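In what follows, a structure is listed as structure tokens, so that the remarks can point back to it.
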Amino acid sequence: MPVHNADLAAIFEEIADLLEIQGANPFRIRAYRNGARILGDLPHEVRLLVEQGEDLTRLPGIGVDLAGKINEIISTGRCSILERLHRELPPHISELLKIPGLGPKRVRVLYHDLDVQTIEQLRRAAKDGRIRSIPGFGEKTELNILRAVEAHANQSRRIKLAVAAQYAESICVFLRSIPGVQQVAVAGSFRRMRETVGDLDILVIASSGSRVMQSFTGYDEIATVYSVGDTRASVLLKCGLQVDLRVVGQHCYGAALHYFTGSREHGIAIRRIAQQRGLKVNEYGVYHGFRRVAGDSEESVYQAVGLAYIPPELREDRGEIEAARAGRLPHLVELSDLRGDLHAHTTASDGHDSLHDMALAAKEIGLEYLAITEHSRRLAVAHGLDSLQLARQCDEIDRLNEQLCGITLLKGIEVDILEDGGLDLPDSVLARLDIVIGAVHSGFDLPRAKQTKRILCAMDHPNFTLLAHPCGRLIERRAPYDVDMLSIIRHAGKRGCFLELNAHPERLDLLDIHCQMAKEEGVLVSINSDAHSVFDFHNLRYGVGQARRGWLEKKDVLNTRSLTDIRSLLRRTMSV
DNA sequence: GCCGTTTTCGGCCCGACTGTTTTCAGTCG
């Protein structure tokens, strides 16, 4: 069983958890966590680097020791330090750290004093009133632990960005209605456009924090108030989403927005740079001693530490700071750069609106062209089209294009890639189309080599233009299929075809790290809505967010091209 | 355990809220 980066990251995280419970040197623990993050973020499999004899200590945060442990895990499938920790501590004790309010020190005390090793034992200890007797714990802590355990049992998972947006919007409307509130901004992973968010971080600019807090805690969607002070409150909404609210004064806006946008890793890196320059950065500003030198705007914060402004989507400590320092930050693609959409459905297959209405809706949001790409016959559940039905739709598109003004429909298909790598419709039919999107809709669990070969083979088809939702995952519902994405991207480059970034909030597929990979390999990415109704074009904003997280610029995105250029790019692909 | 324009040793980001104490540790973001 090959060791993936995620496996290595999980092992390092577990080591960090267990060391923390043992009370080890916090900086040693941080080194493991940092290593886990680095590995988890890498676009290439570390296993392959090892096979190629690469020196792993060249990776940031990986020194001789961690490199040795990575080598050990990859070559033996075992990790001796983790095995030692498992001998010294109960097997599932790190699970206890997942209970909010329980950190390593309390877990250690609970284990030593009450022999609590599992969440169930913790629940029983709290119910029996045994926890309150431990020094440093009290009745309230015991009650909070019991509540947290019960909340953990029916804990909600991370919420998709588009769903979180709905809750964020109504909270912002509420907050703006509170007297004295001057500005409201959603920060955190929401602002960084992560595909899912664990909570909402909301920043409020107001003169009086306590007044805002008093009103906010009366918001009728709140189920539980976890904590509330004059500048900070933490609540759980009835929908299961946690909201952290911060209130600062107007002059702190930039510093606070930067601080609460994160990511945590990016913030730490910035504060470290500040420290090296004799500065201190917090949510109130940038300070030289007691003198405040910046913080009104985010730009001023970056300027104070000698960096260009870094857009929120890049703030993950994945090279953006080095790029800012070197003046190499990308000029990220924007929603307004999109001139067309290359993936949409109508009532002819499983869409909800007519050709005509989809065309008008696309025009309405400022697009110049829209490719109609129904499913093919194999996907019967979505009423996939056969050759005859597709030919009829092509005729209809020709007729409609003569009537339409300001929008052009392109003739396409989202054709199933069969398990042998063939396409689900005859060549003669595909040859008539402007665009052929290949998609995997079956056989998700093929082994990696077979799945990869299937897609490479499909790309070799002379009419193949674009690979739809390349990893096939549904966020929080279906894992991506196991493919060698680098091979696929390189093959696309060789064949002159393109990759889709499917903007549907359930998909957001390509992943951000694969966008970066495509950019490095010079393969253009098409940000497509996969619209099934006239409302779905709004999802393009999430696709653009994901593309920005993947460092894509206007020039890296296929559908920022004009209709003329698109036609010529698609034709060129066909003729390769 | 990592790292280096200050450094191969001695650093390693910063503040708010809670609960238990009575000045602060633990946790969280």
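Quick note on naming: the chains in the structure tokens go A, B, ... in the order shown, residues restart at 1 in each chain, and ligands are numbered from 1 in order of appearance.
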**Request:** Write out as a ChimeraX atom specification all residues of region 410-568 of chain A that backbone DSSP assigns to alpha helix (DSSP H).
**Result:** /A:427-430,448-459,485-495,512-520,540-549,563-568
**Request:** Identify every residue of chain A that has at least one atom within 6 Å of any atom of chain B, counting only C-alpha atoms (C1' of nucleotides), and report the result as a ChimeraX atom specification.
**Result:** /A:28,31,268,271
**Asked** Using only C-alpha atoms (C1' of nucleotides), which residues sit within 12 Å of Arg315 (chain A) once same-chain residues fewer than 2 positions away are excluded, as a ChimeraX atom specification?
**Response** /A:187-189,191-194,258-270,309-313,317-324,329,548-551
**Request:** Extract, using only C-alpha atoms (C1' of nucleotides), all DNA, RNA and protein residues at most 9 Å from Gly289 (chain A), discarding same-chain residues fewer than 2 positions from it, and format them as a ChimeraX atom specification.
**Result:** /A:278-280,287,291-292
Mind writing the picked residues with N, CA, C and O atoms as a PDB file, in the first residue's frame?
ATOM      1  N   GLY A 278      11.856  44.085  14.354  1.00  0.00           N
ATOM      2  CA  GLY A 278      11.667  44.861  15.577  1.00  0.00           C
ATOM      3  C   GLY A 278      10.255  45.392  15.725  1.00  0.00           C
ATOM      4  O   GLY A 278      10.004  46.357  16.448  1.00  0.00           O
ATOM      5  N   LEU A 279       9.305  44.756  15.017  1.00  0.00           N
ATOM      6  CA  LEU A 279       7.913  45.202  15.079  1.00  0.00           C
ATOM      7  C   LEU A 279       7.044  44.148  15.748  1.00  0.00           C
ATOM      8  O   LEU A 279       7.421  42.971  15.814  1.00  0.00           O
ATOM      9  N   LYS A 280       5.878  44.589  16.195  1.00  0.00           N
ATOM     10  CA  LYS A 280       4.913  43.645  16.752  1.00  0.00           C
ATOM     11  C   LYS A 280       3.590  43.828  16.010  1.00  0.00           C
ATOM     12  O   LYS A 280       3.118  44.952  15.844  1.00  0.00           O
ATOM     13  N   TYR A 287       3.182  47.690  15.623  1.00  0.00           N
ATOM     14  CA  TYR A 287       3.803  48.559  16.620  1.00  0.00           C
ATOM     15  C   TYR A 287       5.316  48.472  16.570  1.00  0.00           C
ATOM     16  O   TYR A 287       5.890  47.386  16.416  1.00  0.00           O
ATOM     17  N   ARG A 291       4.864  52.725  19.760  1.00  0.00           N
ATOM     18  CA  ARG A 291       4.395  53.579  18.676  1.00  0.00           C
ATOM     19  C   ARG A 291       3.681  52.736  17.621  1.00  0.00           C
ATOM     20  O   ARG A 291       4.214  51.729  17.167  1.00  0.00           O
ATOM     21  N   ARG A 292       2.467  53.157  17.271  1.00  0.00           N
ATOM     22  CA  ARG A 292       1.710  52.423  16.263  1.00  0.00           C
ATOM     23  C   ARG A 292       2.124  52.930  14.892  1.00  0.00           C
ATOM     24  O   ARG A 292       2.054  54.139  14.624  1.00  0.00           O
TER      25      ARG A 292
END
**Prompt:** Taking into account only C-alpha atoms, which residue in the set A:Leu552, A:Leu430, A:Ala326, A:Val247 is nearest to Arg232 (chain A)?
**Reply:**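 Using only C-alpha atoms, the shortest distance to Arg232 (chain A) belongs to A:Val247.
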